[in-house]
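Q: One structure follows; several queries about it will come next.
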Amino acid sequence: MALEKLPDCGLITFYADESDDKKTYVLSCVAIPTLGATAGGVPIEWDSFLEKAQVWRRDLRDKFGIPVRKELKGSKLATGRNAYQPRGKRLYGERALEAYAHALKGLDFLPSSSVFSVTCERSYSLYGHSRLEAALYAMLQRMQVKCGKEKMAALVFFDEGHGEYRRLFRKAKKHLPTGSKQGAWDDGASTKSIPLTNVLKDANFKDSKQSLFVQIADLVAYATLMKLRKEHGRLSEKEERMFYASLHDQIPRRILNVHVDGSSWDGIKRLK
């Protein structure tokens, strides 16, 4: 069997995490430059972004008392079901939402167009896949398109606990039907297979407690879920009163990949 070859290119790493309320399903990811592609060598870019993420966490500690070694989860921070204060005390109410908004605003250190989300409702089906699997399917399509356009190779890391992601990932490496924004491809077909040829290795899983980038994806995913709950009229009275839906607006617009959906400009692909 002939070996697949990648063009001369750099490497990016996608980190993804999910959030849902059993009706709306959200999968968000952040793309971190990992290896550059220059004639003079291969610069390692990932380390510099890790250092910036560590500064970001120390800032949250200094301003809100959130320990840098505590896993940061959007749902726990927003609802106050956490131990994010010294001596295991809770961070809750307006102060918690202030910290959440500050955390999202602080993501400006990420590259331009590096963050996007895919969302669908419980009843939606994409090529036989539903719920989080449908969101993942659409996300893999966009990862491959991004890599192809930018001539990049990629690695993908998911939070632990979703064995179904590996099965779908392996299928997508061989066959990944993808629609056309124009409604049809040049041959008239509504879809064509664009497998994950630019994505290396198997699906990778990482304990979110050990990954700041997976935690960032989680913060984005929960903020996106709240925005979608608002759109569907399903926010609770408390969520309405505390303006949970406005959290997504705190994400710097520069880092959102607005090209994932031509009909919206918020970095969210709504599967319909």
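Following the order of the structure tokens, chains are lettered A, B, ..., residues in each are numbered from 1, and ligands are numbered from 1.
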Can you tell me, as a PDB file with N, CA and C atoms, in the first residue's frame, what residues are no more than 12 Å from Val115 in chain A when counting only C-alpha atoms, ignoring any on the same chain fewer than 4 positions away?
A:
ATOM      1  N   THR A  13      -3.053  21.841  16.443  1.00  0.00           N
ATOM      2  CA  THR A  13      -3.708  20.870  17.308  1.00  0.00           C
ATOM      3  C   THR A  13      -5.070  21.404  17.703  1.00  0.00           C
ATOM      4  N   PHE A  14      -6.117  20.615  17.441  1.00  0.00           N
ATOM      5  CA  PHE A  14      -7.480  20.963  17.838  1.00  0.00           C
ATOM      6  C   PHE A  14      -7.793  20.332  19.186  1.00  0.00           C
ATOM      7  N   TYR A  15      -8.373  21.103  20.080  1.00  0.00           N
ATOM      8  CA  TYR A  15      -8.860  20.610  21.369  1.00  0.00           C
ATOM      9  C   TYR A  15     -10.367  20.835  21.416  1.00  0.00           C
ATOM     10  N   ALA A  16     -11.136  19.782  21.710  1.00  0.00           N
ATOM     11  CA  ALA A  16     -12.595  19.882  21.650  1.00  0.00           C
ATOM     12  C   ALA A  16     -13.237  19.399  22.941  1.00  0.00           C
ATOM     13  N   ASP A  17     -14.357  20.022  23.289  1.00  0.00           N
ATOM     14  CA  ASP A  17     -15.153  19.588  24.431  1.00  0.00           C
ATOM     15  C   ASP A  17     -16.606  19.930  24.158  1.00  0.00           C
ATOM     16  N   LEU A  27     -20.649  21.235  20.546  1.00  0.00           N
ATOM     17  CA  LEU A  27     -19.258  20.793  20.560  1.00  0.00           C
ATOM     18  C   LEU A  27     -18.416  21.987  20.119  1.00  0.00           C
ATOM     19  N   SER A  28     -17.469  22.388  20.949  1.00  0.00           N
ATOM     20  CA  SER A  28     -16.621  23.543  20.649  1.00  0.00           C
ATOM     21  C   SER A  28     -15.174  23.106  20.571  1.00  0.00           C
ATOM     22  N   CYS A  29     -14.382  23.836  19.782  1.00  0.00           N
ATOM     23  CA  CYS A  29     -12.967  23.505  19.703  1.00  0.00           C
ATOM     24  C   CYS A  29     -12.122  24.761  19.573  1.00  0.00           C
ATOM     25  N   VAL A  30     -10.868  24.614  19.939  1.00  0.00           N
ATOM     26  CA  VAL A  30      -9.880  25.676  19.784  1.00  0.00           C
ATOM     27  C   VAL A  30      -8.691  25.089  19.046  1.00  0.00           C
ATOM     28  N   ALA A  31      -8.184  25.817  18.068  1.00  0.00           N
ATOM     29  CA  ALA A  31      -7.057  25.365  17.248  1.00  0.00           C
ATOM     30  C   ALA A  31      -5.793  26.088  17.691  1.00  0.00           C
ATOM     31  N   ILE A  32      -4.798  25.325  18.116  1.00  0.00           N
ATOM     32  CA  ILE A  32      -3.551  25.890  18.624  1.00  0.00           C
ATOM     33  C   ILE A  32      -2.408  25.603  17.647  1.00  0.00           C
ATOM     34  N   LEU A 104     -13.362  34.614  29.521  1.00  0.00           N
ATOM     35  CA  LEU A 104     -13.592  34.598  28.074  1.00  0.00           C
ATOM     36  C   LEU A 104     -12.935  35.792  27.392  1.00  0.00           C
ATOM     37  N   LEU A 107      -9.237  35.454  26.532  1.00  0.00           N
ATOM     38  CA  LEU A 107      -8.788  34.512  25.502  1.00  0.00           C
ATOM     39  C   LEU A 107      -8.227  35.216  24.270  1.00  0.00           C
ATOM     40  N   ASP A 108      -8.028  36.499  24.359  1.00  0.00           N
ATOM     41  CA  ASP A 108      -7.504  37.260  23.221  1.00  0.00           C
ATOM     42  C   ASP A 108      -6.092  36.824  22.827  1.00  0.00           C
ATOM     43  N   PHE A 109      -5.431  36.042  23.668  1.00  0.00           N
ATOM     44  CA  PHE A 109      -4.100  35.544  23.311  1.00  0.00           C
ATOM     45  C   PHE A 109      -4.157  34.440  22.256  1.00  0.00           C
ATOM     46  N   LEU A 110      -5.344  33.898  22.002  1.00  0.00           N
ATOM     47  CA  LEU A 110      -5.484  32.839  21.005  1.00  0.00           C
ATOM     48  C   LEU A 110      -5.371  33.421  19.592  1.00  0.00           C
ATOM     49  N   PRO A 111      -5.008  32.589  18.608  1.00  0.00           N
ATOM     50  CA  PRO A 111      -4.875  33.082  17.231  1.00  0.00           C
ATOM     51  C   PRO A 111      -6.221  33.501  16.644  1.00  0.00           C
ATOM     52  N   MET A 139     -18.101  18.947  12.742  1.00  0.00           N
ATOM     53  CA  MET A 139     -16.846  19.571  13.166  1.00  0.00           C
ATOM     54  C   MET A 139     -15.660  18.974  12.420  1.00  0.00           C
ATOM     55  N   ARG A 142     -15.282  20.470   9.033  1.00  0.00           N
ATOM     56  CA  ARG A 142     -14.695  21.819   9.051  1.00  0.00           C
ATOM     57  C   ARG A 142     -13.217  21.801   9.413  1.00  0.00           C
ATOM     58  N   MET A 143     -12.810  20.853  10.218  1.00  0.00           N
ATOM     59  CA  MET A 143     -11.390  20.716  10.514  1.00  0.00           C
ATOM     60  C   MET A 143     -10.617  20.383   9.238  1.00  0.00           C
ATOM     61  N   LYS A 146     -10.496  23.414   6.875  1.00  0.00           N
ATOM     62  CA  LYS A 146      -9.546  24.413   7.368  1.00  0.00           C
ATOM     63  C   LYS A 146      -8.111  23.973   7.082  1.00  0.00           C
ATOM     64  N   PHE A 213      -6.179  23.818  27.363  1.00  0.00           N
ATOM     65  CA  PHE A 213      -6.866  24.071  26.101  1.00  0.00           C
ATOM     66  C   PHE A 213      -8.209  23.336  26.030  1.00  0.00           C
ATOM     67  N   VAL A 214      -8.301  22.135  26.596  1.00  0.00           N
ATOM     68  CA  VAL A 214      -9.589  21.456  26.677  1.00  0.00           C
ATOM     69  C   VAL A 214     -10.529  22.246  27.609  1.00  0.00           C
ATOM     70  N   ILE A 216     -10.502  25.452  28.043  1.00  0.00           N
ATOM     71  CA  ILE A 216     -10.957  26.610  27.274  1.00  0.00           C
ATOM     72  C   ILE A 216     -12.106  26.208  26.355  1.00  0.00           C
ATOM     73  N   ALA A 217     -11.966  25.055  25.687  1.00  0.00           N
ATOM     74  CA  ALA A 217     -13.043  24.570  24.828  1.00  0.00           C
ATOM     75  C   ALA A 217     -14.323  24.361  25.626  1.00  0.00           C
ATOM     76  N   ASP A 218     -14.194  23.882  26.869  1.00  0.00           N
ATOM     77  CA  ASP A 218     -15.354  23.674  27.732  1.00  0.00           C
ATOM     78  C   ASP A 218     -16.029  25.000  28.073  1.00  0.00           C
ATOM     79  N   LEU A 219     -15.242  26.011  28.406  1.00  0.00           N
ATOM     80  CA  LEU A 219     -15.808  27.333  28.711  1.00  0.00           C
ATOM     81  C   LEU A 219     -16.591  27.873  27.518  1.00  0.00           C
ATOM     82  N   VAL A 220     -16.032  27.717  26.322  1.00  0.00           N
ATOM     83  CA  VAL A 220     -16.699  28.180  25.112  1.00  0.00           C
ATOM     84  C   VAL A 220     -17.974  27.378  24.864  1.00  0.00           C
ATOM     85  N   ALA A 221     -17.906  26.068  25.070  1.00  0.00           N
ATOM     86  CA  ALA A 221     -19.065  25.209  24.803  1.00  0.00           C
ATOM     87  C   ALA A 221     -20.246  25.574  25.705  1.00  0.00           C
ATOM     88  N   THR A 224     -21.714  28.850  24.709  1.00  0.00           N
ATOM     89  CA  THR A 224     -22.482  28.663  23.479  1.00  0.00           C
ATOM     90  C   THR A 224     -23.829  28.018  23.776  1.00  0.00           C
ATOM     91  N   HIS A 248     -21.396  34.386  25.820  1.00  0.00           N
ATOM     92  CA  HIS A 248     -20.744  34.154  24.523  1.00  0.00           C
ATOM     93  C   HIS A 248     -20.269  35.461  23.898  1.00  0.00           C
ATOM     94  N   ILE A 251     -16.524  36.547  24.303  1.00  0.00           N
ATOM     95  CA  ILE A 251     -15.420  35.950  23.555  1.00  0.00           C
ATOM     96  C   ILE A 251     -14.929  36.973  22.533  1.00  0.00           C
ATOM     97  N   PRO A 252     -13.650  37.284  22.499  1.00  0.00           N
ATOM     98  CA  PRO A 252     -13.153  38.244  21.502  1.00  0.00           C
ATOM     99  C   PRO A 252     -13.552  37.831  20.095  1.00  0.00           C
ATOM    100  N   ARG A 253     -14.173  38.754  19.366  1.00  0.00           N
ATOM    101  CA  ARG A 253     -14.654  38.424  18.020  1.00  0.00           C
ATOM    102  C   ARG A 253     -13.509  37.998  17.108  1.00  0.00           C
ATOM    103  N   ARG A 254     -12.322  38.527  17.334  1.00  0.00           N
ATOM    104  CA  ARG A 254     -11.184  38.225  16.469  1.00  0.00           C
ATOM    105  C   ARG A 254     -10.840  36.744  16.459  1.00  0.00           C
ATOM    106  N   ILE A 255     -11.042  36.055  17.574  1.00  0.00           N
ATOM    107  CA  ILE A 255     -10.621  34.646  17.652  1.00  0.00           C
ATOM    108  C   ILE A 255     -11.694  33.692  17.147  1.00  0.00           C
ATOM    109  N   LEU A 256     -12.887  34.193  16.843  1.00  0.00           N
ATOM    110  CA  LEU A 256     -13.957  33.323  16.352  1.00  0.00           C
ATOM    111  C   LEU A 256     -13.797  33.066  14.856  1.00  0.00           C
ATOM    112  N   ASN A 257     -13.933  31.822  14.454  1.00  0.00           N
ATOM    113  CA  ASN A 257     -13.886  31.453  13.044  1.00  0.00           C
ATOM    114  C   ASN A 257     -15.280  31.640  12.453  1.00  0.00           C
ATOM    115  N   VAL A 258     -15.502  32.789  11.849  1.00  0.00           N
ATOM    116  CA  VAL A 258     -16.842  33.113  11.333  1.00  0.00           C
ATOM    117  C   VAL A 258     -17.134  32.424  10.013  1.00  0.00           C
ATOM    118  N   HIS A 259     -16.148  31.724   9.462  1.00  0.00           N
ATOM    119  CA  HIS A 259     -16.342  31.075   8.163  1.00  0.00           C
ATOM    120  C   HIS A 259     -16.960  29.683   8.281  1.00  0.00           C
ATOM    121  N   VAL A 260     -17.206  29.210   9.500  1.00  0.00           N
ATOM    122  CA  VAL A 260     -17.797  27.875   9.640  1.00  0.00           C
ATOM    123  C   VAL A 260     -19.262  27.871   9.231  1.00  0.00           C
ATOM    124  N   ASP A 266     -20.954  34.480  14.355  1.00  0.00           N
ATOM    125  CA  ASP A 266     -20.607  34.288  15.756  1.00  0.00           C
ATOM    126  C   ASP A 266     -19.761  33.040  15.995  1.00  0.00           C
ATOM    127  N   GLY A 267     -19.245  32.441  14.911  1.00  0.00           N
ATOM    128  CA  GLY A 267     -18.412  31.250  15.073  1.00  0.00           C
ATOM    129  C   GLY A 267     -19.170  30.001  15.457  1.00  0.00           C
ATOM    130  N   ILE A 268     -20.489  29.997  15.224  1.00  0.00           N
ATOM    131  CA  ILE A 268     -21.329  28.848  15.567  1.00  0.00           C
ATOM    132  C   ILE A 268     -21.977  28.301  14.307  1.00  0.00           C
ATOM    133  N   LYS A 269     -21.784  27.020  14.044  1.00  0.00           N
ATOM    134  CA  LYS A 269     -22.484  26.346  12.951  1.00  0.00           C
ATOM    135  C   LYS A 269     -23.708  25.677  13.550  1.00  0.00           C
TER     136      LYS A 269
END
Q: Skipping near chain neighbours, those fewer than 4 positions away, what residues fall within 7 Å of range 94-98 of chain A using only C-alpha atoms, listed as a PyMOL selection string?
A: chain A and resi 77-78+80+102
Q: Please produce an output containing all heavy atoms for each residue in the selection, written as a compact mmCIF listing (two decimals), in the first residue's frame.
A:
# COMPACT_ATOMS: atom_id res chain seq x y z
N LEU A 77 -18.54 26.85 37.06
CA LEU A 77 -18.26 28.25 37.35
C LEU A 77 -19.54 29.08 37.33
O LEU A 77 -19.81 29.86 38.25
CB LEU A 77 -17.25 28.81 36.33
CG LEU A 77 -16.88 30.28 36.46
CD1 LEU A 77 -16.33 30.59 37.85
CD2 LEU A 77 -15.88 30.68 35.39
N ALA A 78 -20.36 28.89 36.30
CA ALA A 78 -21.56 29.71 36.15
C ALA A 78 -22.60 29.44 37.24
O ALA A 78 -23.25 30.37 37.73
CB ALA A 78 -22.19 29.48 34.77
N GLY A 80 -22.08 28.05 40.27
CA GLY A 80 -21.61 28.11 41.64
C GLY A 80 -21.39 26.76 42.28
O GLY A 80 -21.06 26.69 43.47
N HIS A 102 -14.72 37.48 32.47
CA HIS A 102 -13.32 37.89 32.43
C HIS A 102 -12.45 36.80 31.80
O HIS A 102 -11.54 37.11 31.01
CB HIS A 102 -12.84 38.18 33.86
CG HIS A 102 -11.43 38.69 33.92
ND1 HIS A 102 -11.12 40.02 33.71
CD2 HIS A 102 -10.25 38.06 34.17
CE1 HIS A 102 -9.81 40.18 33.82
NE2 HIS A 102 -9.26 39.01 34.10
Q: Run DSSP on the backbone of this structure and report the residues of range 85-165 of chain A it assigns to helix (DSSP H, G or I), as a count of residues only.
A: 43
Q: Name all residues at most 9 Å from Leu126 in chain A (count only C-alpha atoms; drop same-chain ones fewer than 2 positions away) and give them as a count of residues only.
A: 10
Q: Name the closest residue to Ser208 in chain A among the candidates A:Gly161, A:Gly233, A:Pro86, A:Gly93; distances are taken between atoms, counting only C-alpha atoms.
A: A:Gly161
Q: If we count only C-alpha atoms, what is near Ile12 in chain A at a cut-off of 8 Å, once residues fewer than 5 positions away on the same chain are taken out, given as an MDAnalysis selection string?
A: chainID A and resid 31:35 152:155
Q: Could you work out how far CA of Trp46 in chain A lies from CA of Ser211 in chain A, giving the answer in Å with one decimal?
A: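 Distance reported for this atom pair: 12.8 Å.
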Q: Using only C-alpha atoms, which of the listed residues (A:Glu160, A:Asp20, A:Asp261, A:Glu51) sits closest to Lys209 in chain A?
A: A:Glu160
Q: Nearest to Ala101 in chain A: which of A:Phe64, A:Arg241, A:Gly88, A:Arg166 is it, counting only C-alpha atoms?
A: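 For Ala101 in chain A, the nearest of the candidates is A:Phe64.
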Q: For CA of Lys105 in chain A and CA of Phe205 in chain A, quote the distance in Å rounded to one decimal.
A: 27.0 Å
Q: Would you work out the distance separating CA of Arg229 in chain A from CA of Arg90 in chain A, expressed in Å to one decimal?
A: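 Taking CA of Arg229 in chain A as the start and CA of Arg90 in chain A as the end point, the length is 25.1 Å.
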Q: For Lys52 in chain A, which residue among A:Leu140, A:Leu212, A:Leu235, A:Ala223 is the nearest when counting only C-alpha atoms?
A: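 With only C-alpha atoms as the atom set, the closest residue is A:Leu212.
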